[in-house]
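Report on the structure given below.
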Amino acid sequence: CKGKRLLPKHFLDDSRIKEIKGYYVPYWLFDCEVSAAINFDATRVRFWMSGEYNYTETSYYLVHRAGAMRFARIPVDGSSKIDNAITEAIEPFDYQDLVDFEPAYLAGYEADKYDVSAEEAMPRVNERVCSSTEDALRDTVIGYNTVIARNRNVQNHKGEVRYALLPVWLLEASYAGKKYPFAINGQTGRMIGTLPVDKRRLWGYLIGMTGIGTAV
């Protein structure tokens, strides 16, 4: 809660942890090799002044990038009970600590078998692969003012999949009659959740920012 200026003043004192549990989330871990070709529309803009006139020159470019890369252990949770946005927000996990499964590891924790198959998880894998591939190739397009992908061709090869259980803490806080869920990476402590907003502080903040903008 540190640095959250819009948090209600008494949230830390008055909120109550309703439930907290250790949970092993079922994940599919995908490996694949990717070949990609992407065209980018890019621009360079130049400004100058001559006499009483200001000039702007915009040059347009078509930039082509192609390459190959390998992805290892892309995680997609195999449980429909937990939103993908939550499980992805608490990544990454350290896969160096993965060990072969033993039932004793589940003592004191909850765990479910997957109810989303590897085939059903593939569309999300493809989305993540395409997005990461585009970002990687875009990073090589330098020296331009704007860079926008026009079209892309991304193909996956030699895919493999593994099944793993990864540790997550799930907790729920209650405050002023409402519930606020949180998820915590069981390895790193990285947290994602929802916090209440004090409407008075929000309006005060917006009015203050408006006043500063007007003065400037």
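Scheme for the structure tokens: letters A, B, ... for chains in order shown; per-chain residue numbers from 1; ligand numbers from 1 in order shown.
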- Query: Which residues come within 8 Å of Ala118 (chain A), counting only C-alpha atoms, excluding same-chain residues fewer than 6 positions away, as a PyMOL selection string?
  - Reply: chain A and resi 28+78+161
Write out as a PDB file with all heavy atoms, in the first residue's frame the set of residues from region 73-195 of chain A that DSSP, computed on the backbone, places in helix (DSSP H, G or I).
```pdb
ATOM      1  N   ASN A  84      -6.507 -15.391 -16.473  1.00  0.00           N
ATOM      2  CA  ASN A  84      -5.161 -15.347 -17.038  1.00  0.00           C
ATOM      3  C   ASN A  84      -4.462 -14.023 -16.751  1.00  0.00           C
ATOM      4  O   ASN A  84      -3.244 -13.978 -16.593  1.00  0.00           O
ATOM      5  CB  ASN A  84      -5.218 -15.556 -18.560  1.00  0.00           C
ATOM      6  CG  ASN A  84      -5.451 -17.011 -18.936  1.00  0.00           C
ATOM      7  OD1 ASN A  84      -5.267 -17.906 -18.118  1.00  0.00           O
ATOM      8  ND2 ASN A  84      -5.875 -17.240 -20.160  1.00  0.00           N
ATOM      9  N   ALA A  85      -5.238 -12.950 -16.695  1.00  0.00           N
ATOM     10  CA  ALA A  85      -4.640 -11.640 -16.422  1.00  0.00           C
ATOM     11  C   ALA A  85      -3.963 -11.623 -15.058  1.00  0.00           C
ATOM     12  O   ALA A  85      -2.935 -10.965 -14.868  1.00  0.00           O
ATOM     13  CB  ALA A  85      -5.710 -10.550 -16.491  1.00  0.00           C
ATOM     14  N   ILE A  86      -4.513 -12.353 -14.098  1.00  0.00           N
ATOM     15  CA  ILE A  86      -3.936 -12.404 -12.752  1.00  0.00           C
ATOM     16  C   ILE A  86      -2.673 -13.245 -12.745  1.00  0.00           C
ATOM     17  O   ILE A  86      -1.628 -12.828 -12.234  1.00  0.00           O
ATOM     18  CB  ILE A  86      -4.968 -12.974 -11.753  1.00  0.00           C
ATOM     19  CG1 ILE A  86      -6.139 -11.994 -11.589  1.00  0.00           C
ATOM     20  CG2 ILE A  86      -4.319 -13.253 -10.398  1.00  0.00           C
ATOM     21  CD1 ILE A  86      -7.241 -12.504 -10.688  1.00  0.00           C
ATOM     22  N   THR A  87      -2.736 -14.441 -13.312  1.00  0.00           N
ATOM     23  CA  THR A  87      -1.563 -15.325 -13.285  1.00  0.00           C
ATOM     24  C   THR A  87      -0.409 -14.750 -14.093  1.00  0.00           C
ATOM     25  O   THR A  87       0.756 -14.936 -13.735  1.00  0.00           O
ATOM     26  CB  THR A  87      -1.931 -16.724 -13.802  1.00  0.00           C
ATOM     27  OG1 THR A  87      -2.522 -16.611 -15.097  1.00  0.00           O
ATOM     28  CG2 THR A  87      -2.911 -17.417 -12.862  1.00  0.00           C
ATOM     29  N   GLU A  88      -0.703 -14.034 -15.174  1.00  0.00           N
ATOM     30  CA  GLU A  88       0.368 -13.436 -15.975  1.00  0.00           C
ATOM     31  C   GLU A  88       0.965 -12.219 -15.276  1.00  0.00           C
ATOM     32  O   GLU A  88       2.143 -11.906 -15.454  1.00  0.00           O
ATOM     33  CB  GLU A  88      -0.163 -13.075 -17.364  1.00  0.00           C
ATOM     34  CG  GLU A  88      -0.477 -14.299 -18.213  1.00  0.00           C
ATOM     35  CD  GLU A  88      -1.096 -13.948 -19.555  1.00  0.00           C
ATOM     36  OE1 GLU A  88      -1.095 -12.745 -19.908  1.00  0.00           O
ATOM     37  OE2 GLU A  88      -1.582 -14.862 -20.240  1.00  0.00           O
ATOM     38  N   ALA A  89       0.164 -11.529 -14.467  1.00  0.00           N
ATOM     39  CA  ALA A  89       0.646 -10.332 -13.789  1.00  0.00           C
ATOM     40  C   ALA A  89       1.657 -10.657 -12.691  1.00  0.00           C
ATOM     41  O   ALA A  89       2.479  -9.808 -12.338  1.00  0.00           O
ATOM     42  CB  ALA A  89      -0.526  -9.552 -13.199  1.00  0.00           C
ATOM     43  N   TYR A  95      12.152 -21.193 -12.984  1.00  0.00           N
ATOM     44  CA  TYR A  95      12.011 -22.596 -13.357  1.00  0.00           C
ATOM     45  C   TYR A  95      13.207 -23.443 -12.944  1.00  0.00           C
ATOM     46  O   TYR A  95      13.154 -24.670 -13.027  1.00  0.00           O
ATOM     47  CB  TYR A  95      11.796 -22.702 -14.867  1.00  0.00           C
ATOM     48  CG  TYR A  95      10.521 -22.033 -15.335  1.00  0.00           C
ATOM     49  CD1 TYR A  95      10.532 -21.176 -16.431  1.00  0.00           C
ATOM     50  CD2 TYR A  95       9.309 -22.263 -14.694  1.00  0.00           C
ATOM     51  CE1 TYR A  95       9.359 -20.563 -16.870  1.00  0.00           C
ATOM     52  CE2 TYR A  95       8.144 -21.657 -15.119  1.00  0.00           C
ATOM     53  CZ  TYR A  95       8.178 -20.807 -16.208  1.00  0.00           C
ATOM     54  OH  TYR A  95       7.018 -20.210 -16.631  1.00  0.00           O
ATOM     55  N   GLN A  96      14.276 -22.809 -12.491  1.00  0.00           N
ATOM     56  CA  GLN A  96      15.430 -23.587 -12.019  1.00  0.00           C
ATOM     57  C   GLN A  96      15.077 -24.379 -10.757  1.00  0.00           C
ATOM     58  O   GLN A  96      15.755 -25.345 -10.423  1.00  0.00           O
ATOM     59  CB  GLN A  96      16.604 -22.656 -11.742  1.00  0.00           C
ATOM     60  CG  GLN A  96      17.196 -22.022 -12.995  1.00  0.00           C
ATOM     61  CD  GLN A  96      18.390 -21.155 -12.700  1.00  0.00           C
ATOM     62  OE1 GLN A  96      18.718 -20.909 -11.544  1.00  0.00           O
ATOM     63  NE2 GLN A  96      19.057 -20.687 -13.741  1.00  0.00           N
ATOM     64  N   ASP A  97      14.028 -23.951 -10.066  1.00  0.00           N
ATOM     65  CA  ASP A  97      13.621 -24.646  -8.844  1.00  0.00           C
ATOM     66  C   ASP A  97      12.607 -25.763  -9.100  1.00  0.00           C
ATOM     67  O   ASP A  97      12.108 -26.375  -8.148  1.00  0.00           O
ATOM     68  CB  ASP A  97      13.021 -23.648  -7.847  1.00  0.00           C
ATOM     69  CG  ASP A  97      14.071 -22.693  -7.298  1.00  0.00           C
ATOM     70  OD1 ASP A  97      15.262 -23.041  -7.351  1.00  0.00           O
ATOM     71  OD2 ASP A  97      13.697 -21.606  -6.824  1.00  0.00           O
ATOM     72  N   PRO A 103       3.662 -36.284  -4.059  1.00  0.00           N
ATOM     73  CA  PRO A 103       2.419 -35.926  -3.365  1.00  0.00           C
ATOM     74  C   PRO A 103       2.652 -35.186  -2.051  1.00  0.00           C
ATOM     75  O   PRO A 103       1.834 -34.357  -1.652  1.00  0.00           O
ATOM     76  CB  PRO A 103       1.748 -37.291  -3.119  1.00  0.00           C
ATOM     77  CG  PRO A 103       2.298 -38.170  -4.200  1.00  0.00           C
ATOM     78  CD  PRO A 103       3.706 -37.721  -4.407  1.00  0.00           C
ATOM     79  N   ALA A 104       3.779 -35.438  -1.392  1.00  0.00           N
ATOM     80  CA  ALA A 104       4.047 -34.795  -0.101  1.00  0.00           C
ATOM     81  C   ALA A 104       4.142 -33.278  -0.219  1.00  0.00           C
ATOM     82  O   ALA A 104       3.897 -32.557   0.747  1.00  0.00           O
ATOM     83  CB  ALA A 104       5.340 -35.350   0.489  1.00  0.00           C
ATOM     84  N   TYR A 105       4.493 -32.768  -1.416  1.00  0.00           N
ATOM     85  CA  TYR A 105       4.618 -31.318  -1.587  1.00  0.00           C
ATOM     86  C   TYR A 105       3.282 -30.610  -1.401  1.00  0.00           C
ATOM     87  O   TYR A 105       3.241 -29.416  -1.111  1.00  0.00           O
ATOM     88  CB  TYR A 105       5.160 -30.996  -2.984  1.00  0.00           C
ATOM     89  CG  TYR A 105       6.576 -31.453  -3.213  1.00  0.00           C
ATOM     90  CD1 TYR A 105       6.973 -31.955  -4.454  1.00  0.00           C
ATOM     91  CD2 TYR A 105       7.528 -31.389  -2.196  1.00  0.00           C
ATOM     92  CE1 TYR A 105       8.270 -32.380  -4.683  1.00  0.00           C
ATOM     93  CE2 TYR A 105       8.829 -31.822  -2.416  1.00  0.00           C
ATOM     94  CZ  TYR A 105       9.196 -32.306  -3.644  1.00  0.00           C
ATOM     95  OH  TYR A 105      10.482 -32.726  -3.860  1.00  0.00           O
ATOM     96  N   LEU A 106       2.171 -31.338  -1.583  1.00  0.00           N
ATOM     97  CA  LEU A 106       0.852 -30.717  -1.524  1.00  0.00           C
ATOM     98  C   LEU A 106       0.301 -30.636  -0.102  1.00  0.00           C
ATOM     99  O   LEU A 106      -0.766 -30.050   0.105  1.00  0.00           O
ATOM    100  CB  LEU A 106      -0.135 -31.491  -2.401  1.00  0.00           C
ATOM    101  CG  LEU A 106       0.231 -31.597  -3.890  1.00  0.00           C
ATOM    102  CD1 LEU A 106      -0.872 -32.314  -4.642  1.00  0.00           C
ATOM    103  CD2 LEU A 106       0.473 -30.224  -4.485  1.00  0.00           C
ATOM    104  N   ALA A 118      -4.055 -28.444 -22.922  1.00  0.00           N
ATOM    105  CA  ALA A 118      -2.952 -27.786 -23.626  1.00  0.00           C
ATOM    106  C   ALA A 118      -3.422 -27.250 -24.975  1.00  0.00           C
ATOM    107  O   ALA A 118      -3.000 -26.166 -25.396  1.00  0.00           O
ATOM    108  CB  ALA A 118      -1.796 -28.772 -23.814  1.00  0.00           C
ATOM    109  N   GLU A 119      -4.300 -27.984 -25.644  1.00  0.00           N
ATOM    110  CA  GLU A 119      -4.811 -27.521 -26.937  1.00  0.00           C
ATOM    111  C   GLU A 119      -5.640 -26.256 -26.769  1.00  0.00           C
ATOM    112  O   GLU A 119      -5.555 -25.321 -27.585  1.00  0.00           O
ATOM    113  CB  GLU A 119      -5.668 -28.612 -27.591  1.00  0.00           C
ATOM    114  CG  GLU A 119      -4.895 -29.831 -28.075  1.00  0.00           C
ATOM    115  CD  GLU A 119      -4.450 -30.744 -26.922  1.00  0.00           C
ATOM    116  OE1 GLU A 119      -4.992 -30.587 -25.798  1.00  0.00           O
ATOM    117  OE2 GLU A 119      -3.570 -31.594 -27.147  1.00  0.00           O
ATOM    118  N   GLU A 120      -6.432 -26.198 -25.696  1.00  0.00           N
ATOM    119  CA  GLU A 120      -7.256 -25.007 -25.452  1.00  0.00           C
ATOM    120  C   GLU A 120      -6.403 -23.805 -25.060  1.00  0.00           C
ATOM    121  O   GLU A 120      -6.815 -22.656 -25.256  1.00  0.00           O
ATOM    122  CB  GLU A 120      -8.276 -25.294 -24.349  1.00  0.00           C
ATOM    123  CG  GLU A 120      -9.345 -26.300 -24.749  1.00  0.00           C
ATOM    124  CD  GLU A 120     -10.207 -26.731 -23.580  1.00  0.00           C
ATOM    125  OE1 GLU A 120      -9.668 -26.912 -22.463  1.00  0.00           O
ATOM    126  OE2 GLU A 120     -11.432 -26.871 -23.783  1.00  0.00           O
ATOM    127  N   ALA A 121      -5.205 -24.057 -24.493  1.00  0.00           N
ATOM    128  CA  ALA A 121      -4.319 -22.971 -24.086  1.00  0.00           C
ATOM    129  C   ALA A 121      -3.490 -22.431 -25.245  1.00  0.00           C
ATOM    130  O   ALA A 121      -2.884 -21.360 -25.121  1.00  0.00           O
ATOM    131  CB  ALA A 121      -3.393 -23.445 -22.971  1.00  0.00           C
ATOM    132  N   MET A 122      -3.447 -23.133 -26.366  1.00  0.00           N
ATOM    133  CA  MET A 122      -2.598 -22.742 -27.483  1.00  0.00           C
ATOM    134  C   MET A 122      -2.889 -21.343 -28.030  1.00  0.00           C
ATOM    135  O   MET A 122      -1.955 -20.598 -28.356  1.00  0.00           O
ATOM    136  CB  MET A 122      -2.692 -23.770 -28.601  1.00  0.00           C
ATOM    137  CG  MET A 122      -1.788 -24.969 -28.438  1.00  0.00           C
ATOM    138  SD  MET A 122      -0.031 -24.511 -28.327  1.00  0.00           S
ATOM    139  CE  MET A 122       0.219 -23.697 -29.898  1.00  0.00           C
ATOM    140  N   PRO A 123      -4.155 -20.917 -28.167  1.00  0.00           N
ATOM    141  CA  PRO A 123      -4.398 -19.563 -28.684  1.00  0.00           C
ATOM    142  C   PRO A 123      -3.714 -18.482 -27.846  1.00  0.00           C
ATOM    143  O   PRO A 123      -3.175 -17.514 -28.409  1.00  0.00           O
ATOM    144  CB  PRO A 123      -5.926 -19.436 -28.634  1.00  0.00           C
ATOM    145  CG  PRO A 123      -6.418 -20.838 -28.779  1.00  0.00           C
ATOM    146  CD  PRO A 123      -5.426 -21.669 -28.021  1.00  0.00           C
ATOM    147  N   ARG A 124      -3.699 -18.652 -26.527  1.00  0.00           N
ATOM    148  CA  ARG A 124      -3.040 -17.655 -25.679  1.00  0.00           C
ATOM    149  C   ARG A 124      -1.524 -17.710 -25.861  1.00  0.00           C
ATOM    150  O   ARG A 124      -0.848 -16.674 -25.860  1.00  0.00           O
ATOM    151  CB  ARG A 124      -3.406 -17.882 -24.203  1.00  0.00           C
ATOM    152  CG  ARG A 124      -2.808 -16.860 -23.252  1.00  0.00           C
ATOM    153  CD  ARG A 124      -3.165 -15.458 -23.674  1.00  0.00           C
ATOM    154  NE  ARG A 124      -2.473 -14.445 -22.884  1.00  0.00           N
ATOM    155  CZ  ARG A 124      -2.230 -13.209 -23.303  1.00  0.00           C
ATOM    156  NH1 ARG A 124      -2.619 -12.842 -24.519  1.00  0.00           N
ATOM    157  NH2 ARG A 124      -1.588 -12.355 -22.538  1.00  0.00           N
ATOM    158  N   VAL A 125      -0.981 -18.918 -26.038  1.00  0.00           N
ATOM    159  CA  VAL A 125       0.448 -19.053 -26.309  1.00  0.00           C
ATOM    160  C   VAL A 125       0.812 -18.320 -27.586  1.00  0.00           C
ATOM    161  O   VAL A 125       1.791 -17.559 -27.636  1.00  0.00           O
ATOM    162  CB  VAL A 125       0.845 -20.537 -26.417  1.00  0.00           C
ATOM    163  CG1 VAL A 125       2.304 -20.666 -26.828  1.00  0.00           C
ATOM    164  CG2 VAL A 125       0.618 -21.241 -25.096  1.00  0.00           C
ATOM    165  N   ASN A 126       0.018 -18.518 -28.628  1.00  0.00           N
ATOM    166  CA  ASN A 126       0.298 -17.867 -29.903  1.00  0.00           C
ATOM    167  C   ASN A 126       0.244 -16.348 -29.776  1.00  0.00           C
ATOM    168  O   ASN A 126       1.051 -15.636 -30.372  1.00  0.00           O
ATOM    169  CB  ASN A 126      -0.694 -18.347 -30.963  1.00  0.00           C
ATOM    170  CG  ASN A 126      -0.475 -19.794 -31.355  1.00  0.00           C
ATOM    171  OD1 ASN A 126       0.646 -20.306 -31.275  1.00  0.00           O
ATOM    172  ND2 ASN A 126      -1.538 -20.478 -31.761  1.00  0.00           N
ATOM    173  N   GLU A 127      -0.712 -15.844 -28.999  1.00  0.00           N
ATOM    174  CA  GLU A 127      -0.800 -14.399 -28.778  1.00  0.00           C
ATOM    175  C   GLU A 127       0.465 -13.870 -28.118  1.00  0.00           C
ATOM    176  O   GLU A 127       1.019 -12.838 -28.526  1.00  0.00           O
ATOM    177  CB  GLU A 127      -2.014 -14.080 -27.891  1.00  0.00           C
ATOM    178  CG  GLU A 127      -3.353 -14.217 -28.572  1.00  0.00           C
ATOM    179  CD  GLU A 127      -4.493 -13.906 -27.619  1.00  0.00           C
ATOM    180  OE1 GLU A 127      -4.225 -13.298 -26.549  1.00  0.00           O
ATOM    181  OE2 GLU A 127      -5.640 -14.258 -27.923  1.00  0.00           O
ATOM    182  N   ARG A 128       0.934 -14.580 -27.085  1.00  0.00           N
ATOM    183  CA  ARG A 128       2.119 -14.122 -26.358  1.00  0.00           C
ATOM    184  C   ARG A 128       3.371 -14.210 -27.225  1.00  0.00           C
ATOM    185  O   ARG A 128       4.239 -13.333 -27.187  1.00  0.00           O
ATOM    186  CB  ARG A 128       2.285 -14.933 -25.067  1.00  0.00           C
ATOM    187  CG  ARG A 128       1.096 -14.841 -24.129  1.00  0.00           C
ATOM    188  CD  ARG A 128       1.390 -15.435 -22.764  1.00  0.00           C
ATOM    189  NE  ARG A 128       2.301 -14.573 -22.009  1.00  0.00           N
ATOM    190  CZ  ARG A 128       2.675 -14.814 -20.754  1.00  0.00           C
ATOM    191  NH1 ARG A 128       2.226 -15.889 -20.120  1.00  0.00           N
ATOM    192  NH2 ARG A 128       3.491 -14.000 -20.118  1.00  0.00           N
ATOM    193  N   VAL A 129       3.463 -15.280 -27.999  1.00  0.00           N
ATOM    194  CA  VAL A 129       4.612 -15.443 -28.880  1.00  0.00           C
ATOM    195  C   VAL A 129       4.642 -14.337 -29.933  1.00  0.00           C
ATOM    196  O   VAL A 129       5.680 -13.715 -30.180  1.00  0.00           O
ATOM    197  CB  VAL A 129       4.593 -16.827 -29.551  1.00  0.00           C
ATOM    198  CG1 VAL A 129       5.572 -16.882 -30.714  1.00  0.00           C
ATOM    199  CG2 VAL A 129       4.943 -17.908 -28.531  1.00  0.00           C
ATOM    200  N   CYS A 130       3.503 -14.075 -30.565  1.00  0.00           N
ATOM    201  CA  CYS A 130       3.439 -13.047 -31.607  1.00  0.00           C
ATOM    202  C   CYS A 130       3.765 -11.679 -31.036  1.00  0.00           C
ATOM    203  O   CYS A 130       4.510 -10.896 -31.649  1.00  0.00           O
ATOM    204  CB  CYS A 130       2.055 -13.039 -32.247  1.00  0.00           C
ATOM    205  SG  CYS A 130       1.717 -14.453 -33.317  1.00  0.00           S
ATOM    206  N   SER A 131       3.225 -11.376 -29.858  1.00  0.00           N
ATOM    207  CA  SER A 131       3.478 -10.080 -29.241  1.00  0.00           C
ATOM    208  C   SER A 131       4.945  -9.908 -28.883  1.00  0.00           C
ATOM    209  O   SER A 131       5.557  -8.858 -29.153  1.00  0.00           O
ATOM    210  CB  SER A 131       2.608  -9.932 -27.986  1.00  0.00           C
ATOM    211  OG  SER A 131       2.874  -8.713 -27.325  1.00  0.00           O
ATOM    212  N   SER A 132       5.544 -10.941 -28.288  1.00  0.00           N
ATOM    213  CA  SER A 132       6.956 -10.864 -27.894  1.00  0.00           C
ATOM    214  C   SER A 132       7.868 -10.794 -29.113  1.00  0.00           C
ATOM    215  O   SER A 132       8.873 -10.078 -29.113  1.00  0.00           O
ATOM    216  CB  SER A 132       7.328 -12.075 -27.031  1.00  0.00           C
ATOM    217  OG  SER A 132       6.599 -12.069 -25.817  1.00  0.00           O
ATOM    218  N   THR A 133       7.516 -11.543 -30.167  1.00  0.00           N
ATOM    219  CA  THR A 133       8.319 -11.519 -31.391  1.00  0.00           C
ATOM    220  C   THR A 133       8.273 -10.142 -32.035  1.00  0.00           C
ATOM    221  O   THR A 133       9.304  -9.593 -32.456  1.00  0.00           O
ATOM    222  CB  THR A 133       7.806 -12.580 -32.383  1.00  0.00           C
ATOM    223  OG1 THR A 133       7.887 -13.874 -31.781  1.00  0.00           O
ATOM    224  CG2 THR A 133       8.627 -12.566 -33.662  1.00  0.00           C
ATOM    225  N   GLU A 134       7.078  -9.566 -32.101  1.00  0.00           N
ATOM    226  CA  GLU A 134       6.951  -8.216 -32.673  1.00  0.00           C
ATOM    227  C   GLU A 134       7.750  -7.200 -31.868  1.00  0.00           C
ATOM    228  O   GLU A 134       8.430  -6.335 -32.439  1.00  0.00           O
ATOM    229  CB  GLU A 134       5.479  -7.813 -32.725  1.00  0.00           C
ATOM    230  CG  GLU A 134       5.264  -6.434 -33.338  1.00  0.00           C
ATOM    231  CD  GLU A 134       3.798  -6.055 -33.432  1.00  0.00           C
ATOM    232  OE1 GLU A 134       2.969  -6.937 -33.747  1.00  0.00           O
ATOM    233  OE2 GLU A 134       3.483  -4.870 -33.200  1.00  0.00           O
ATOM    234  N   ASP A 135       7.686  -7.286 -30.545  1.00  0.00           N
ATOM    235  CA  ASP A 135       8.441  -6.360 -29.695  1.00  0.00           C
ATOM    236  C   ASP A 135       9.949  -6.498 -29.940  1.00  0.00           C
ATOM    237  O   ASP A 135      10.672  -5.500 -30.004  1.00  0.00           O
ATOM    238  CB  ASP A 135       8.129  -6.616 -28.225  1.00  0.00           C
ATOM    239  CG  ASP A 135       6.712  -6.183 -27.845  1.00  0.00           C
ATOM    240  OD1 ASP A 135       6.106  -5.421 -28.613  1.00  0.00           O
ATOM    241  OD2 ASP A 135       6.230  -6.619 -26.781  1.00  0.00           O
ATOM    242  N   ALA A 136      10.413  -7.750 -30.065  1.00  0.00           N
ATOM    243  CA  ALA A 136      11.847  -7.980 -30.262  1.00  0.00           C
ATOM    244  C   ALA A 136      12.323  -7.409 -31.590  1.00  0.00           C
ATOM    245  O   ALA A 136      13.387  -6.781 -31.673  1.00  0.00           O
ATOM    246  CB  ALA A 136      12.149  -9.474 -30.178  1.00  0.00           C
ATOM    247  N   LEU A 137      11.553  -7.602 -32.651  1.00  0.00           N
ATOM    248  CA  LEU A 137      11.937  -7.070 -33.952  1.00  0.00           C
ATOM    249  C   LEU A 137      11.768  -5.550 -34.004  1.00  0.00           C
ATOM    250  O   LEU A 137      12.563  -4.849 -34.639  1.00  0.00           O
ATOM    251  CB  LEU A 137      11.123  -7.736 -35.054  1.00  0.00           C
ATOM    252  CG  LEU A 137      11.395  -9.233 -35.270  1.00  0.00           C
ATOM    253  CD1 LEU A 137      10.537  -9.771 -36.419  1.00  0.00           C
ATOM    254  CD2 LEU A 137      12.864  -9.492 -35.554  1.00  0.00           C
ATOM    255  N   ARG A 138      10.753  -5.038 -33.331  1.00  0.00           N
ATOM    256  CA  ARG A 138      10.552  -3.594 -33.297  1.00  0.00           C
ATOM    257  C   ARG A 138      11.744  -2.898 -32.631  1.00  0.00           C
ATOM    258  O   ARG A 138      12.129  -1.784 -33.013  1.00  0.00           O
ATOM    259  CB  ARG A 138       9.261  -3.260 -32.546  1.00  0.00           C
ATOM    260  CG  ARG A 138       8.912  -1.756 -32.534  1.00  0.00           C
ATOM    261  CD  ARG A 138       7.834  -1.473 -31.502  1.00  0.00           C
ATOM    262  NE  ARG A 138       6.643  -2.242 -31.795  1.00  0.00           N
ATOM    263  CZ  ARG A 138       5.655  -1.823 -32.591  1.00  0.00           C
ATOM    264  NH1 ARG A 138       5.756  -0.645 -33.165  1.00  0.00           N
ATOM    265  NH2 ARG A 138       4.600  -2.574 -32.792  1.00  0.00           N
TER     266      ARG A 138
END
```
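Residues in contact with region 61-70 of chain A at 9 Å, where only C-alpha atoms are counted and same-chain residues fewer than 6 positions away are skipped, are listed as Asp31, Cys32, Glu33, Val34, Ser35, Ala36, Ala37, Ile38, Asn39, Phe40, Asp41, Ala42, Thr43, Arg44, Thr133, Leu137, Arg138, Thr140, Val141, Val147 and Arg150 of chain A.
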- Best match for closeness to Asp77 (chain A) among A:Ser117, A:Ser50, A:Ser174, A:Thr194, counting only C-alpha atoms: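 Closest residue, counting only C-alpha atoms: A:Ser117.
The shortest atom-to-atom distance to Asp100 (chain A), with only C-alpha atoms taken into account, belongs to A:Leu165 out of A:Leu165, A:Val197, A:Ile192, A:Ala173.
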- Task: Work out how far CA of Arg46 (chain A) is from CA of Ala149 (chain A), in Å to one decimal.
- Result: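 Result for CA of Ala149 (chain A) versus CA of Arg46 (chain A): 21.9 Å, one decimal.
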- Message: Could you tell me how far CA of Tyr163 (chain A) sits from CA of Arg73 (chain A), in Å to one decimal place?
- Response: 10.0 Å
- Item | Filtered DSSP result for region 4-174 of chain A, state strand (DSSP E), as a PyMOL selection string | chain A and resi 16-50+53-77+110-111+146-174
- Message: Taking only C-alpha atoms into account, name the residue in A:Leu166, A:Met49, A:Ile20, A:Val76 that is nearest to Asp94 (chain A).
- Response: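 The answer is A:Leu166, which sits nearest to Asp94 (chain A).
One finds CA of Ile74 (chain A) at 22.7 Å from CA of Gly22 (chain A).
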- For Tyr114 (chain A), list every protein, DNA or RNA residue within 6 Å, evaluated using only C-alpha atoms, and leave out those in the same chain fewer than 2 positions away; present the list as a list in words.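 Result of the neighbour search: Pro26, Gly78, Ser79 and Val116 of chain A.
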Restricting it to C-alpha atoms, dump the selection as a compact mmCIF listing (two decimals), in the first residue's frame.
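Once written, result_8.txt looks like this:
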```txt
# COMPACT_ATOMS: atom_id res chain seq x y z
CA PRO A 26 -1.75 -25.98 -12.81
CA GLY A 78 -4.58 -24.53 -16.94
CA SER A 79 -7.30 -23.51 -14.48
CA VAL A 116 -8.09 -26.19 -19.57
```
Set out as CSV a contact list for region 9-77 of chain A and region 178-185 of chain A with a cut-off of 12 Å, giving each residue of region 9-77 of chain A that qualifies its closest atom pair and distance in Å to one decimal, counting only C-alpha atoms, ordered by chain and rising residue number.
```
residue,atom,partner,partner_atom,distance
A:Phe11,CA,A:Tyr180,CA,11.4
A:Ser15,CA,A:Lys179,CA,9.7
A:Arg16,CA,A:Lys179,CA,9.7
A:Ile17,CA,A:Tyr180,CA,9.4
A:Lys18,CA,A:Lys179,CA,8.6
A:Glu19,CA,A:Pro181,CA,9.4
A:Ile20,CA,A:Phe182,CA,9.3
A:Lys21,CA,A:Ala183,CA,10.0
A:Gly22,CA,A:Ile184,CA,9.5
A:Tyr23,CA,A:Ala183,CA,10.0
A:Tyr24,CA,A:Asn185,CA,10.5
A:Val25,CA,A:Asn185,CA,10.6
```
